[in-house]
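Chemist: Below is data.txt; it holds compact mmCIF, N, CA and C atoms.
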```txt
# COMPACT_ATOMS: atom_id res chain seq x y z
N MET A 1 3.33 3.27 14.60
CA MET A 1 2.65 2.55 13.53
C MET A 1 3.37 2.75 12.20
N VAL A 2 3.82 3.95 11.92
CA VAL A 2 4.55 4.21 10.68
C VAL A 2 5.83 3.39 10.66
N ALA A 3 6.55 3.37 11.77
CA ALA A 3 7.80 2.61 11.83
C ALA A 3 7.53 1.13 11.60
N ALA A 4 6.44 0.60 12.14
CA ALA A 4 6.11 -0.81 11.94
C ALA A 4 5.84 -1.07 10.47
N GLY A 5 5.09 -0.20 9.82
CA GLY A 5 4.81 -0.36 8.40
C GLY A 5 6.08 -0.30 7.58
N LEU A 6 6.99 0.61 7.92
CA LEU A 6 8.25 0.73 7.21
C LEU A 6 9.09 -0.52 7.40
N ALA A 7 9.11 -1.04 8.61
CA ALA A 7 9.87 -2.26 8.87
C ALA A 7 9.31 -3.41 8.04
N LEU A 8 8.01 -3.50 7.92
CA LEU A 8 7.41 -4.54 7.10
C LEU A 8 7.82 -4.38 5.65
N THR A 9 7.83 -3.16 5.16
CA THR A 9 8.21 -2.91 3.79
C THR A 9 9.66 -3.32 3.55
N LEU A 10 10.55 -2.92 4.43
CA LEU A 10 11.96 -3.22 4.25
C LEU A 10 12.23 -4.72 4.38
N ALA A 11 11.50 -5.36 5.25
CA ALA A 11 11.70 -6.79 5.44
C ALA A 11 11.03 -7.61 4.34
N GLY A 12 10.10 -6.99 3.62
CA GLY A 12 9.42 -7.69 2.54
C GLY A 12 8.27 -8.55 3.01
N GLY A 13 7.92 -8.49 4.28
CA GLY A 13 6.85 -9.32 4.78
C GLY A 13 5.56 -8.55 4.95
N CYS A 14 4.48 -9.31 5.10
CA CYS A 14 3.21 -8.64 5.36
C CYS A 14 2.42 -9.39 6.42
N GLU A 15 3.07 -10.33 7.12
CA GLU A 15 2.38 -11.04 8.17
C GLU A 15 1.96 -10.04 9.24
N GLY A 16 0.69 -10.04 9.55
CA GLY A 16 0.17 -9.12 10.53
C GLY A 16 -0.22 -7.76 9.96
N TYR A 17 0.17 -7.49 8.72
CA TYR A 17 -0.21 -6.22 8.07
C TYR A 17 -1.66 -6.33 7.64
N LYS A 18 -2.43 -5.31 7.91
CA LYS A 18 -3.83 -5.29 7.51
C LYS A 18 -4.07 -4.07 6.65
N SER A 19 -5.00 -4.21 5.75
CA SER A 19 -5.38 -3.10 4.90
C SER A 19 -5.86 -1.94 5.76
N PRO A 20 -5.19 -0.78 5.68
CA PRO A 20 -5.66 0.37 6.45
C PRO A 20 -7.09 0.77 6.07
N GLY A 21 -7.50 0.44 4.86
CA GLY A 21 -8.85 0.76 4.42
C GLY A 21 -9.86 -0.35 4.71
N ASN A 22 -9.42 -1.39 5.43
CA ASN A 22 -10.27 -2.54 5.76
C ASN A 22 -10.91 -3.16 4.52
N LEU A 23 -10.15 -3.20 3.43
CA LEU A 23 -10.66 -3.80 2.20
C LEU A 23 -10.39 -5.30 2.19
N PRO A 24 -11.21 -6.07 1.48
CA PRO A 24 -10.90 -7.49 1.35
C PRO A 24 -9.61 -7.66 0.56
N THR A 25 -8.92 -8.76 0.80
CA THR A 25 -7.68 -9.03 0.09
C THR A 25 -7.77 -10.40 -0.59
N VAL A 26 -6.91 -10.59 -1.57
CA VAL A 26 -6.82 -11.85 -2.29
C VAL A 26 -5.36 -12.07 -2.66
N SER A 27 -4.96 -13.32 -2.76
CA SER A 27 -3.61 -13.64 -3.22
C SER A 27 -3.62 -13.63 -4.75
N MET A 28 -2.58 -13.05 -5.35
CA MET A 28 -2.53 -12.95 -6.81
C MET A 28 -1.11 -13.14 -7.29
N GLN A 29 -0.95 -13.98 -8.28
CA GLN A 29 0.33 -14.18 -8.95
C GLN A 29 0.48 -13.07 -9.99
N ILE A 30 1.56 -12.30 -9.90
CA ILE A 30 1.86 -11.24 -10.85
C ILE A 30 3.25 -11.52 -11.38
N GLY A 31 3.31 -12.07 -12.59
CA GLY A 31 4.59 -12.49 -13.13
C GLY A 31 5.22 -13.51 -12.21
N THR A 32 6.45 -13.27 -11.79
CA THR A 32 7.15 -14.21 -10.90
C THR A 32 6.87 -13.95 -9.42
N GLY A 33 6.07 -12.92 -9.12
CA GLY A 33 5.80 -12.58 -7.73
C GLY A 33 4.41 -12.97 -7.27
N LYS A 34 4.30 -13.29 -5.99
CA LYS A 34 3.01 -13.58 -5.38
C LYS A 34 2.70 -12.43 -4.43
N TYR A 35 1.52 -11.84 -4.60
CA TYR A 35 1.14 -10.63 -3.87
C TYR A 35 -0.16 -10.82 -3.11
N THR A 36 -0.28 -10.08 -2.02
CA THR A 36 -1.55 -9.89 -1.34
C THR A 36 -2.10 -8.59 -1.90
N ILE A 37 -3.28 -8.67 -2.48
CA ILE A 37 -3.85 -7.53 -3.19
C ILE A 37 -5.16 -7.11 -2.52
N GLU A 38 -5.25 -5.85 -2.14
CA GLU A 38 -6.50 -5.29 -1.65
C GLU A 38 -7.42 -5.08 -2.84
N ILE A 39 -8.70 -5.32 -2.65
CA ILE A 39 -9.66 -5.20 -3.75
C ILE A 39 -10.50 -3.95 -3.55
N ALA A 40 -10.37 -3.00 -4.49
CA ALA A 40 -11.15 -1.76 -4.47
C ALA A 40 -12.21 -1.86 -5.57
N LYS A 41 -13.46 -2.17 -5.16
CA LYS A 41 -14.54 -2.38 -6.13
C LYS A 41 -15.58 -1.28 -6.15
N THR A 42 -15.66 -0.50 -5.10
CA THR A 42 -16.69 0.54 -5.05
C THR A 42 -16.08 1.88 -5.48
N ASP A 43 -16.94 2.81 -5.86
CA ASP A 43 -16.45 4.15 -6.23
C ASP A 43 -15.63 4.75 -5.09
N ALA A 44 -16.14 4.64 -3.87
CA ALA A 44 -15.45 5.24 -2.72
C ALA A 44 -14.07 4.61 -2.52
N HIS A 45 -13.99 3.30 -2.63
CA HIS A 45 -12.70 2.62 -2.44
C HIS A 45 -11.74 2.93 -3.58
N ARG A 46 -12.26 2.99 -4.80
CA ARG A 46 -11.39 3.32 -5.93
C ARG A 46 -10.88 4.76 -5.82
N GLN A 47 -11.71 5.67 -5.35
CA GLN A 47 -11.29 7.07 -5.22
C GLN A 47 -10.25 7.22 -4.11
N ARG A 48 -10.35 6.47 -3.06
CA ARG A 48 -9.42 6.54 -1.93
C ARG A 48 -8.09 5.86 -2.27
N GLY A 49 -8.17 4.71 -2.89
CA GLY A 49 -6.97 3.99 -3.30
C GLY A 49 -5.94 3.86 -2.19
N LEU A 50 -4.70 4.19 -2.51
CA LEU A 50 -3.59 4.07 -1.55
C LEU A 50 -3.20 5.42 -0.95
N MET A 51 -4.12 6.37 -0.97
CA MET A 51 -3.83 7.70 -0.41
C MET A 51 -3.48 7.62 1.07
N GLU A 52 -2.60 8.53 1.48
CA GLU A 52 -2.24 8.79 2.87
C GLU A 52 -1.59 7.62 3.59
N ARG A 53 -0.97 6.73 2.85
CA ARG A 53 -0.20 5.64 3.47
C ARG A 53 1.27 6.02 3.41
N ASP A 54 1.99 5.69 4.45
CA ASP A 54 3.41 6.01 4.51
C ASP A 54 4.27 4.90 3.92
N SER A 55 3.74 3.70 3.84
CA SER A 55 4.49 2.58 3.30
C SER A 55 3.52 1.46 2.95
N MET A 56 4.08 0.45 2.28
CA MET A 56 3.30 -0.74 1.93
C MET A 56 4.31 -1.89 1.80
N PRO A 57 4.00 -3.06 2.35
CA PRO A 57 4.93 -4.17 2.21
C PRO A 57 5.25 -4.42 0.74
N GLU A 58 6.43 -4.93 0.46
CA GLU A 58 6.84 -5.08 -0.94
C GLU A 58 6.02 -6.10 -1.69
N ASN A 59 5.39 -7.04 -1.02
CA ASN A 59 4.56 -8.03 -1.71
C ASN A 59 3.06 -7.77 -1.49
N TRP A 60 2.74 -6.49 -1.51
CA TRP A 60 1.37 -6.03 -1.27
C TRP A 60 0.99 -5.07 -2.39
N GLY A 61 -0.29 -4.94 -2.67
CA GLY A 61 -0.75 -3.99 -3.68
C GLY A 61 -2.25 -3.82 -3.63
N MET A 62 -2.79 -3.19 -4.66
CA MET A 62 -4.22 -2.95 -4.74
C MET A 62 -4.67 -3.14 -6.17
N ILE A 63 -5.82 -3.81 -6.34
CA ILE A 63 -6.44 -3.93 -7.65
C ILE A 63 -7.73 -3.10 -7.64
N PHE A 64 -7.86 -2.27 -8.64
CA PHE A 64 -9.04 -1.45 -8.83
C PHE A 64 -9.90 -2.15 -9.87
N VAL A 65 -11.13 -2.46 -9.51
CA VAL A 65 -12.03 -3.21 -10.37
C VAL A 65 -13.15 -2.27 -10.83
N PHE A 66 -13.32 -2.16 -12.13
CA PHE A 66 -14.34 -1.29 -12.71
C PHE A 66 -15.43 -2.13 -13.36
N PRO A 67 -16.63 -1.59 -13.50
CA PRO A 67 -17.73 -2.36 -14.09
C PRO A 67 -17.60 -2.57 -15.60
N ASP A 68 -16.73 -1.80 -16.25
CA ASP A 68 -16.59 -1.91 -17.70
C ASP A 68 -15.16 -1.53 -18.12
N GLU A 69 -14.88 -1.73 -19.39
CA GLU A 69 -13.59 -1.33 -19.94
C GLU A 69 -13.70 0.09 -20.48
N ALA A 70 -12.70 0.90 -20.18
CA ALA A 70 -12.62 2.27 -20.68
C ALA A 70 -11.18 2.74 -20.48
N VAL A 71 -10.80 3.78 -21.18
CA VAL A 71 -9.50 4.39 -20.90
C VAL A 71 -9.60 4.96 -19.48
N ARG A 72 -8.65 4.60 -18.64
CA ARG A 72 -8.64 5.00 -17.23
C ARG A 72 -7.52 5.99 -16.98
N GLY A 73 -7.71 6.86 -16.00
CA GLY A 73 -6.68 7.79 -15.60
C GLY A 73 -6.58 7.82 -14.08
N PHE A 74 -5.36 7.74 -13.57
CA PHE A 74 -5.11 7.79 -12.13
C PHE A 74 -4.14 8.93 -11.84
N TRP A 75 -4.27 9.52 -10.66
CA TRP A 75 -3.33 10.53 -10.21
C TRP A 75 -2.90 10.18 -8.81
N MET A 76 -1.94 10.91 -8.27
CA MET A 76 -1.32 10.57 -7.00
C MET A 76 -1.59 11.59 -5.89
N LYS A 77 -2.66 12.35 -6.03
CA LYS A 77 -2.99 13.32 -4.99
C LYS A 77 -3.08 12.59 -3.64
N ASN A 78 -2.39 13.12 -2.65
CA ASN A 78 -2.36 12.56 -1.30
C ASN A 78 -1.80 11.15 -1.21
N THR A 79 -1.08 10.73 -2.23
CA THR A 79 -0.44 9.41 -2.21
C THR A 79 1.05 9.63 -1.97
N ARG A 80 1.54 9.07 -0.86
CA ARG A 80 2.89 9.37 -0.38
C ARG A 80 3.96 8.43 -0.89
N ILE A 81 3.58 7.30 -1.45
CA ILE A 81 4.58 6.32 -1.86
C ILE A 81 4.62 6.21 -3.39
N PRO A 82 5.81 6.07 -3.97
CA PRO A 82 5.90 5.92 -5.43
C PRO A 82 5.35 4.56 -5.84
N LEU A 83 4.64 4.53 -6.94
CA LEU A 83 3.95 3.31 -7.36
C LEU A 83 4.15 2.99 -8.83
N ASP A 84 4.02 1.72 -9.14
CA ASP A 84 3.81 1.26 -10.51
C ASP A 84 2.31 1.07 -10.67
N ILE A 85 1.80 1.31 -11.86
CA ILE A 85 0.42 0.98 -12.16
C ILE A 85 0.39 0.21 -13.46
N ALA A 86 -0.30 -0.92 -13.43
CA ALA A 86 -0.50 -1.74 -14.62
C ALA A 86 -1.99 -1.72 -14.92
N TYR A 87 -2.34 -1.30 -16.12
CA TYR A 87 -3.73 -1.32 -16.57
C TYR A 87 -3.96 -2.61 -17.34
N LEU A 88 -5.08 -3.29 -17.05
CA LEU A 88 -5.41 -4.56 -17.69
C LEU A 88 -6.80 -4.50 -18.32
N ASP A 89 -6.96 -5.19 -19.45
CA ASP A 89 -8.28 -5.27 -20.05
C ASP A 89 -9.12 -6.34 -19.34
N ALA A 90 -10.33 -6.57 -19.80
CA ALA A 90 -11.24 -7.52 -19.14
C ALA A 90 -10.70 -8.94 -19.13
N GLY A 91 -9.85 -9.28 -20.09
CA GLY A 91 -9.26 -10.61 -20.14
C GLY A 91 -7.99 -10.76 -19.33
N GLY A 92 -7.54 -9.67 -18.69
CA GLY A 92 -6.33 -9.71 -17.88
C GLY A 92 -5.06 -9.35 -18.64
N LYS A 93 -5.20 -8.93 -19.90
CA LYS A 93 -4.01 -8.54 -20.68
C LYS A 93 -3.56 -7.15 -20.28
N VAL A 94 -2.26 -7.01 -20.05
CA VAL A 94 -1.68 -5.73 -19.65
C VAL A 94 -1.69 -4.80 -20.87
N VAL A 95 -2.43 -3.68 -20.76
CA VAL A 95 -2.49 -2.72 -21.88
C VAL A 95 -1.46 -1.61 -21.73
N SER A 96 -1.03 -1.32 -20.51
CA SER A 96 0.06 -0.37 -20.30
C SER A 96 0.53 -0.42 -18.86
N ILE A 97 1.79 0.02 -18.68
CA ILE A 97 2.43 0.06 -17.36
C ILE A 97 3.07 1.43 -17.22
N HIS A 98 2.92 2.04 -16.04
CA HIS A 98 3.46 3.38 -15.81
C HIS A 98 4.04 3.46 -14.41
N GLN A 99 4.97 4.38 -14.22
CA GLN A 99 5.51 4.69 -12.90
C GLN A 99 4.91 6.03 -12.47
N MET A 100 4.52 6.10 -11.20
CA MET A 100 3.85 7.30 -10.70
C MET A 100 4.58 7.82 -9.47
N LYS A 101 4.77 9.14 -9.45
CA LYS A 101 5.49 9.81 -8.37
C LYS A 101 4.52 10.27 -7.28
N PRO A 102 4.97 10.25 -6.03
CA PRO A 102 4.13 10.74 -4.94
C PRO A 102 3.61 12.16 -5.21
N TYR A 103 2.38 12.37 -4.86
CA TYR A 103 1.69 13.67 -4.92
C TYR A 103 1.49 14.23 -6.33
N GLU A 104 1.86 13.51 -7.38
CA GLU A 104 1.69 13.99 -8.75
C GLU A 104 0.19 14.14 -9.05
N GLN A 105 -0.20 15.32 -9.50
CA GLN A 105 -1.61 15.57 -9.76
C GLN A 105 -1.97 15.53 -11.24
N THR A 106 -1.01 15.17 -12.08
CA THR A 106 -1.30 14.97 -13.48
C THR A 106 -1.80 13.54 -13.65
N SER A 107 -2.88 13.37 -14.39
CA SER A 107 -3.44 12.04 -14.59
C SER A 107 -2.53 11.17 -15.46
N THR A 108 -2.39 9.92 -15.07
CA THR A 108 -1.64 8.93 -15.83
C THR A 108 -2.66 8.00 -16.46
N ALA A 109 -2.82 8.09 -17.77
CA ALA A 109 -3.88 7.36 -18.48
C ALA A 109 -3.39 6.03 -19.03
N SER A 110 -4.32 5.10 -19.10
CA SER A 110 -4.03 3.82 -19.75
C SER A 110 -3.91 4.05 -21.25
N LYS A 111 -3.18 3.18 -21.90
CA LYS A 111 -2.99 3.31 -23.35
C LYS A 111 -3.94 2.39 -24.10
N GLY A 112 -5.10 2.19 -23.53
CA GLY A 112 -6.14 1.36 -24.12
C GLY A 112 -7.22 1.15 -23.07
N PRO A 113 -8.36 0.60 -23.50
CA PRO A 113 -9.44 0.34 -22.54
C PRO A 113 -8.99 -0.64 -21.45
N ALA A 114 -9.32 -0.32 -20.22
CA ALA A 114 -8.93 -1.15 -19.08
C ALA A 114 -10.12 -1.37 -18.15
N LYS A 115 -10.23 -2.57 -17.64
CA LYS A 115 -11.24 -2.91 -16.63
C LYS A 115 -10.61 -2.94 -15.24
N TYR A 116 -9.29 -3.18 -15.21
CA TYR A 116 -8.57 -3.30 -13.95
C TYR A 116 -7.34 -2.40 -13.97
N ALA A 117 -6.96 -1.95 -12.78
CA ALA A 117 -5.68 -1.27 -12.59
C ALA A 117 -5.07 -1.89 -11.34
N ILE A 118 -3.80 -2.23 -11.41
CA ILE A 118 -3.10 -2.81 -10.26
C ILE A 118 -1.97 -1.87 -9.89
N GLU A 119 -1.95 -1.46 -8.62
CA GLU A 119 -0.88 -0.62 -8.10
C GLU A 119 0.00 -1.44 -7.17
N LEU A 120 1.30 -1.36 -7.43
CA LEU A 120 2.33 -2.02 -6.61
C LEU A 120 3.40 -0.99 -6.29
N ASN A 121 4.27 -1.30 -5.36
CA ASN A 121 5.40 -0.42 -5.07
C ASN A 121 6.22 -0.20 -6.34
N LEU A 122 6.82 0.98 -6.45
CA LEU A 122 7.62 1.33 -7.61
C LEU A 122 8.70 0.28 -7.88
N GLY A 123 8.78 -0.16 -9.11
CA GLY A 123 9.77 -1.14 -9.53
C GLY A 123 9.30 -2.58 -9.46
N ALA A 124 8.17 -2.83 -8.81
CA ALA A 124 7.70 -4.21 -8.61
C ALA A 124 7.26 -4.87 -9.92
N VAL A 125 6.62 -4.13 -10.80
CA VAL A 125 6.14 -4.73 -12.05
C VAL A 125 7.32 -5.24 -12.87
N ALA A 126 8.34 -4.43 -13.03
CA ALA A 126 9.53 -4.85 -13.78
C ALA A 126 10.24 -6.00 -13.06
N ALA A 127 10.32 -5.93 -11.74
CA ALA A 127 11.00 -6.97 -10.97
C ALA A 127 10.31 -8.33 -11.13
N CYS A 128 9.01 -8.32 -11.37
CA CYS A 128 8.25 -9.56 -11.58
C CYS A 128 8.29 -10.02 -13.03
N GLY A 129 8.92 -9.22 -13.89
CA GLY A 129 9.03 -9.59 -15.29
C GLY A 129 7.79 -9.34 -16.12
N VAL A 130 6.85 -8.54 -15.62
CA VAL A 130 5.61 -8.27 -16.33
C VAL A 130 5.83 -7.13 -17.32
N LYS A 131 5.28 -7.31 -18.52
CA LYS A 131 5.38 -6.27 -19.54
C LYS A 131 4.07 -6.16 -20.31
N LYS A 132 3.96 -5.09 -21.07
CA LYS A 132 2.77 -4.86 -21.88
C LYS A 132 2.52 -6.08 -22.77
N GLY A 133 1.24 -6.50 -22.83
CA GLY A 133 0.85 -7.65 -23.63
C GLY A 133 0.77 -8.95 -22.84
N ASP A 134 1.42 -9.00 -21.66
CA ASP A 134 1.32 -10.20 -20.82
C ASP A 134 -0.10 -10.36 -20.31
N LYS A 135 -0.47 -11.58 -20.00
CA LYS A 135 -1.80 -11.83 -19.45
C LYS A 135 -1.66 -12.28 -18.00
N LEU A 136 -2.42 -11.63 -17.13
CA LEU A 136 -2.45 -12.00 -15.71
C LEU A 136 -3.79 -12.65 -15.40
N GLN A 137 -3.76 -13.61 -14.50
CA GLN A 137 -4.99 -14.28 -14.07
C GLN A 137 -5.62 -13.47 -12.95
N ILE A 138 -6.78 -12.90 -13.22
CA ILE A 138 -7.49 -12.12 -12.20
C ILE A 138 -8.17 -13.11 -11.25
N PRO A 139 -7.90 -13.03 -9.96
CA PRO A 139 -8.55 -13.95 -9.00
C PRO A 139 -10.08 -13.77 -9.04
N PRO A 140 -10.83 -14.85 -8.95
CA PRO A 140 -12.30 -14.75 -9.01
C PRO A 140 -12.89 -13.73 -8.03
N ALA A 141 -12.32 -13.61 -6.84
CA ALA A 141 -12.85 -12.65 -5.86
C ALA A 141 -12.72 -11.21 -6.33
N ALA A 142 -11.79 -10.96 -7.25
CA ALA A 142 -11.57 -9.60 -7.75
C ALA A 142 -12.20 -9.40 -9.13
N ALA A 143 -12.63 -10.45 -9.78
CA ALA A 143 -13.06 -10.37 -11.17
C ALA A 143 -14.38 -9.65 -11.37
N GLU A 144 -15.25 -9.68 -10.41
CA GLU A 144 -16.54 -9.02 -10.57
C GLU A 144 -16.60 -7.72 -9.80
N PRO A 145 -17.18 -6.69 -10.37
CA PRO A 145 -17.20 -5.38 -9.70
C PRO A 145 -18.20 -5.27 -8.55
N LYS A 146 -18.96 -6.30 -8.26
CA LYS A 146 -19.94 -6.21 -7.19
C LYS A 146 -19.22 -6.06 -5.84
N PRO A 147 -19.62 -5.11 -5.00
CA PRO A 147 -18.97 -4.92 -3.70
C PRO A 147 -19.20 -6.07 -2.75
```
As structure tokens, how would this structure be written, given the file I've shared?
Modeler:
Amino acid sequence: MVAAGLALTLAGGCEGYKSPGNLPTVSMQIGTGKYTIEIAKTDAHRQRGLMERDSMPENWGMIFVFPDEAVRGFWMKNTRIPLDIAYLDAGGKVVSIHQMKPYEQTSTASKGPAKYAIELNLGAVAACGVKKGDKLQIPPAAAEPKP
């Protein structure tokens, strides 16, 4: 199973890949890239995030949806893959972007109030041309925090 996931990551595809957490997914345009995004709307799903995964397809990610805007902090405990994290306000404006190392237990905080956090493979945010201040369109299925 790990080898299959790694092959998907290297090939850049996600056909047949399913969310290990059985979360709903939505298609989302992020800069110049189109991604399949898992939606983490509940406390339990947000706390679990991308922990204990060995790989993730390059056009895959996760959006964390919160009920309100606040300064957010994420850490990488039990997260095996390096990630980018983009924090967004309620209107979809990117308030900050950070790179996170596997297993790092220091919190990486947003540089402003955020309602959403999007995690992608390391380097994906820059590769899509997204930068602080850009506005992303949050898909309706991910826009509301109701599970």
Chemist: Just list the residues in chain A DSSP gives strand (DSSP E) on the backbone, as a ChimeraX atom specification.
Modeler: /A:25-30,33-40,60-70,73-74,83-88,94-100,108-109,114-121
Chemist: State, in Å with one decimal place, the distance from atom CA of A:Lys93 to atom CA of A:Glu52.
Modeler: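 Computed distance, atom CA of A:Lys93 to atom CA of A:Glu52, equals 29.3 Å.
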Chemist: Here is a test: counting only N, CA and C atoms, which residue of A:Asp89, A:Val94, A:Ile81, A:Met28 is nearest to A:Lys115?
Modeler: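 Once distances to A:Lys115 are computed over only N, CA and C atoms, the minimum belongs to A:Asp89.
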Chemist: Do a neighbour search on stretch 110-112 of chain A at 6.5 Å with only N, CA and C atoms, toss out local chain neighbours closer than 2 positions, and write the hits as an NGL selection string.
Modeler: :A and (70-74 or 87 or 95-96 or 108 or 114)
Chemist: Show me, as a short mmCIF file (atom, residue, chain, number, x, y, z; two decimals) with N, CA and C atoms, keeping the file's coordinate frame, the residues that have an atom within 8 Å of A:Gly49 when counting only N, CA and C atoms, minus same-chain residues fewer than 4 positions from it.
Modeler:
```cif
data_model
loop_
_atom_site.label_atom_id
_atom_site.label_comp_id
_atom_site.auth_asym_id
_atom_site.auth_seq_id
_atom_site.Cartn_x
_atom_site.Cartn_y
_atom_site.Cartn_z
N GLY A 21 -7.50 0.44 4.86
CA GLY A 21 -8.85 0.76 4.42
C GLY A 21 -9.86 -0.35 4.71
N ALA A 40 -10.37 -3.00 -4.49
CA ALA A 40 -11.15 -1.76 -4.47
C ALA A 40 -12.21 -1.86 -5.57
N ASP A 43 -16.94 2.81 -5.86
CA ASP A 43 -16.45 4.15 -6.23
C ASP A 43 -15.63 4.75 -5.09
N ALA A 44 -16.14 4.64 -3.87
CA ALA A 44 -15.45 5.24 -2.72
C ALA A 44 -14.07 4.61 -2.52
N HIS A 45 -13.99 3.30 -2.63
CA HIS A 45 -12.70 2.62 -2.44
C HIS A 45 -11.74 2.93 -3.58
N ARG A 53 -0.97 6.73 2.85
CA ARG A 53 -0.20 5.64 3.47
C ARG A 53 1.27 6.02 3.41
N MET A 62 -2.79 -3.19 -4.66
CA MET A 62 -4.22 -2.95 -4.74
C MET A 62 -4.67 -3.14 -6.17
N THR A 79 -1.08 10.73 -2.23
CA THR A 79 -0.44 9.41 -2.21
C THR A 79 1.05 9.63 -1.97
#
```
Chemist: Could you work out how far atom N of A:Ile85 lies from atom C of A:Gly123, giving the answer in Å with one decimal?
Modeler: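 If I compute the distance from atom C of A:Gly123 to atom N of A:Ile85, I get 8.8 Å.
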Chemist: Name the closest residue to A:Pro57 among the candidates A:Asn78, A:Asn121, A:Gln99, A:Thr32; distances are taken between atoms, counting all atoms listed in the file.
Modeler: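 Using all atoms listed in the file, A:Pro57 sits closest to A:Asn121.
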Chemist: Just to confirm, what's the straight-line distance from atom CA of A:Ala143 to atom N of A:Gln105 in Å (one decimal)?
Modeler: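 Pair atom CA of A:Ala143 / atom N of A:Gln105 returns 28.8 Å.
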Chemist: List the neighbours of A:Phe66 out to 6.5 Å using all atoms listed in the file; skip same-chain residues closer than 3 positions along the sequence, and give me the result as JSON, numbers by chain.
Modeler: {"A": [41, 69, 115, 116, 117, 145]}
Chemist: Env of A:Leu83: 7 Å cut, atoms = only C-alpha atoms, seq-sep filter 5 positions within chain, self excluded. Answer as JSON, numbers by chain.
Modeler: {"A": [99, 100, 101, 119, 120, 121, 122]}
Chemist: Among chain A, which ones does DSSP place in alpha helix (DSSP H), written as a ChimeraX atom specification?
Modeler: /A:2-11,43-48,124-127,140-143
Chemist: For the residues selected in the previous step, produce a file with N, CA and C atoms as an mmCIF file, in the coordinates of the input.
Modeler:
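Below you can see result-v9.cif, which holds the result:
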```cif
data_model
loop_
_atom_site.group_PDB
_atom_site.id
_atom_site.type_symbol
_atom_site.label_atom_id
_atom_site.label_comp_id
_atom_site.auth_asym_id
_atom_site.auth_seq_id
_atom_site.Cartn_x
_atom_site.Cartn_y
_atom_site.Cartn_z
ATOM 1 N N VAL A 2 3.820 3.950 11.920
ATOM 2 C CA VAL A 2 4.550 4.210 10.680
ATOM 3 C C VAL A 2 5.830 3.390 10.660
ATOM 4 N N ALA A 3 6.550 3.370 11.770
ATOM 5 C CA ALA A 3 7.800 2.610 11.830
ATOM 6 C C ALA A 3 7.530 1.130 11.600
ATOM 7 N N ALA A 4 6.440 0.600 12.140
ATOM 8 C CA ALA A 4 6.110 -0.810 11.940
ATOM 9 C C ALA A 4 5.840 -1.070 10.470
ATOM 10 N N GLY A 5 5.090 -0.200 9.820
ATOM 11 C CA GLY A 5 4.810 -0.360 8.400
ATOM 12 C C GLY A 5 6.080 -0.300 7.580
ATOM 13 N N LEU A 6 6.990 0.610 7.920
ATOM 14 C CA LEU A 6 8.250 0.730 7.210
ATOM 15 C C LEU A 6 9.090 -0.520 7.400
ATOM 16 N N ALA A 7 9.110 -1.040 8.610
ATOM 17 C CA ALA A 7 9.870 -2.260 8.870
ATOM 18 C C ALA A 7 9.310 -3.410 8.040
ATOM 19 N N LEU A 8 8.010 -3.500 7.920
ATOM 20 C CA LEU A 8 7.410 -4.540 7.100
ATOM 21 C C LEU A 8 7.820 -4.380 5.650
ATOM 22 N N THR A 9 7.830 -3.160 5.160
ATOM 23 C CA THR A 9 8.210 -2.910 3.790
ATOM 24 C C THR A 9 9.660 -3.320 3.550
ATOM 25 N N LEU A 10 10.550 -2.920 4.430
ATOM 26 C CA LEU A 10 11.960 -3.220 4.250
ATOM 27 C C LEU A 10 12.230 -4.720 4.380
ATOM 28 N N ALA A 11 11.500 -5.360 5.250
ATOM 29 C CA ALA A 11 11.700 -6.790 5.440
ATOM 30 C C ALA A 11 11.030 -7.610 4.340
ATOM 31 N N ASP A 43 -16.940 2.810 -5.860
ATOM 32 C CA ASP A 43 -16.450 4.150 -6.230
ATOM 33 C C ASP A 43 -15.630 4.750 -5.090
ATOM 34 N N ALA A 44 -16.140 4.640 -3.870
ATOM 35 C CA ALA A 44 -15.450 5.240 -2.720
ATOM 36 C C ALA A 44 -14.070 4.610 -2.520
ATOM 37 N N HIS A 45 -13.990 3.300 -2.630
ATOM 38 C CA HIS A 45 -12.700 2.620 -2.440
ATOM 39 C C HIS A 45 -11.740 2.930 -3.580
ATOM 40 N N ARG A 46 -12.260 2.990 -4.800
ATOM 41 C CA ARG A 46 -11.390 3.320 -5.930
ATOM 42 C C ARG A 46 -10.880 4.760 -5.820
ATOM 43 N N GLN A 47 -11.710 5.670 -5.350
ATOM 44 C CA GLN A 47 -11.290 7.070 -5.220
ATOM 45 C C GLN A 47 -10.250 7.220 -4.110
ATOM 46 N N ARG A 48 -10.350 6.470 -3.060
ATOM 47 C CA ARG A 48 -9.420 6.540 -1.930
ATOM 48 C C ARG A 48 -8.090 5.860 -2.270
ATOM 49 N N ALA A 124 8.170 -2.830 -8.810
ATOM 50 C CA ALA A 124 7.700 -4.210 -8.610
ATOM 51 C C ALA A 124 7.260 -4.870 -9.920
ATOM 52 N N VAL A 125 6.620 -4.130 -10.800
ATOM 53 C CA VAL A 125 6.140 -4.730 -12.050
ATOM 54 C C VAL A 125 7.320 -5.240 -12.870
ATOM 55 N N ALA A 126 8.340 -4.430 -13.030
ATOM 56 C CA ALA A 126 9.530 -4.850 -13.780
ATOM 57 C C ALA A 126 10.240 -6.000 -13.060
ATOM 58 N N ALA A 127 10.320 -5.930 -11.740
ATOM 59 C CA ALA A 127 11.000 -6.970 -10.970
ATOM 60 C C ALA A 127 10.310 -8.330 -11.130
ATOM 61 N N PRO A 140 -10.830 -14.850 -8.950
ATOM 62 C CA PRO A 140 -12.300 -14.750 -9.010
ATOM 63 C C PRO A 140 -12.890 -13.730 -8.030
ATOM 64 N N ALA A 141 -12.320 -13.610 -6.840
ATOM 65 C CA ALA A 141 -12.850 -12.650 -5.860
ATOM 66 C C ALA A 141 -12.720 -11.210 -6.330
ATOM 67 N N ALA A 142 -11.790 -10.960 -7.250
ATOM 68 C CA ALA A 142 -11.570 -9.600 -7.750
ATOM 69 C C ALA A 142 -12.200 -9.400 -9.130
ATOM 70 N N ALA A 143 -12.630 -10.450 -9.780
ATOM 71 C CA ALA A 143 -13.060 -10.370 -11.170
ATOM 72 C C ALA A 143 -14.380 -9.650 -11.370
#
```
Chemist: Identify the residues around (3.3, -10.7, -12.1) within a radius of 7 Å, measuring from all atoms listed in the file in the coordinates stated by the file, and give them as a PyMOL selection string.
Modeler: chain A and resi 28-34+125+128-130+136
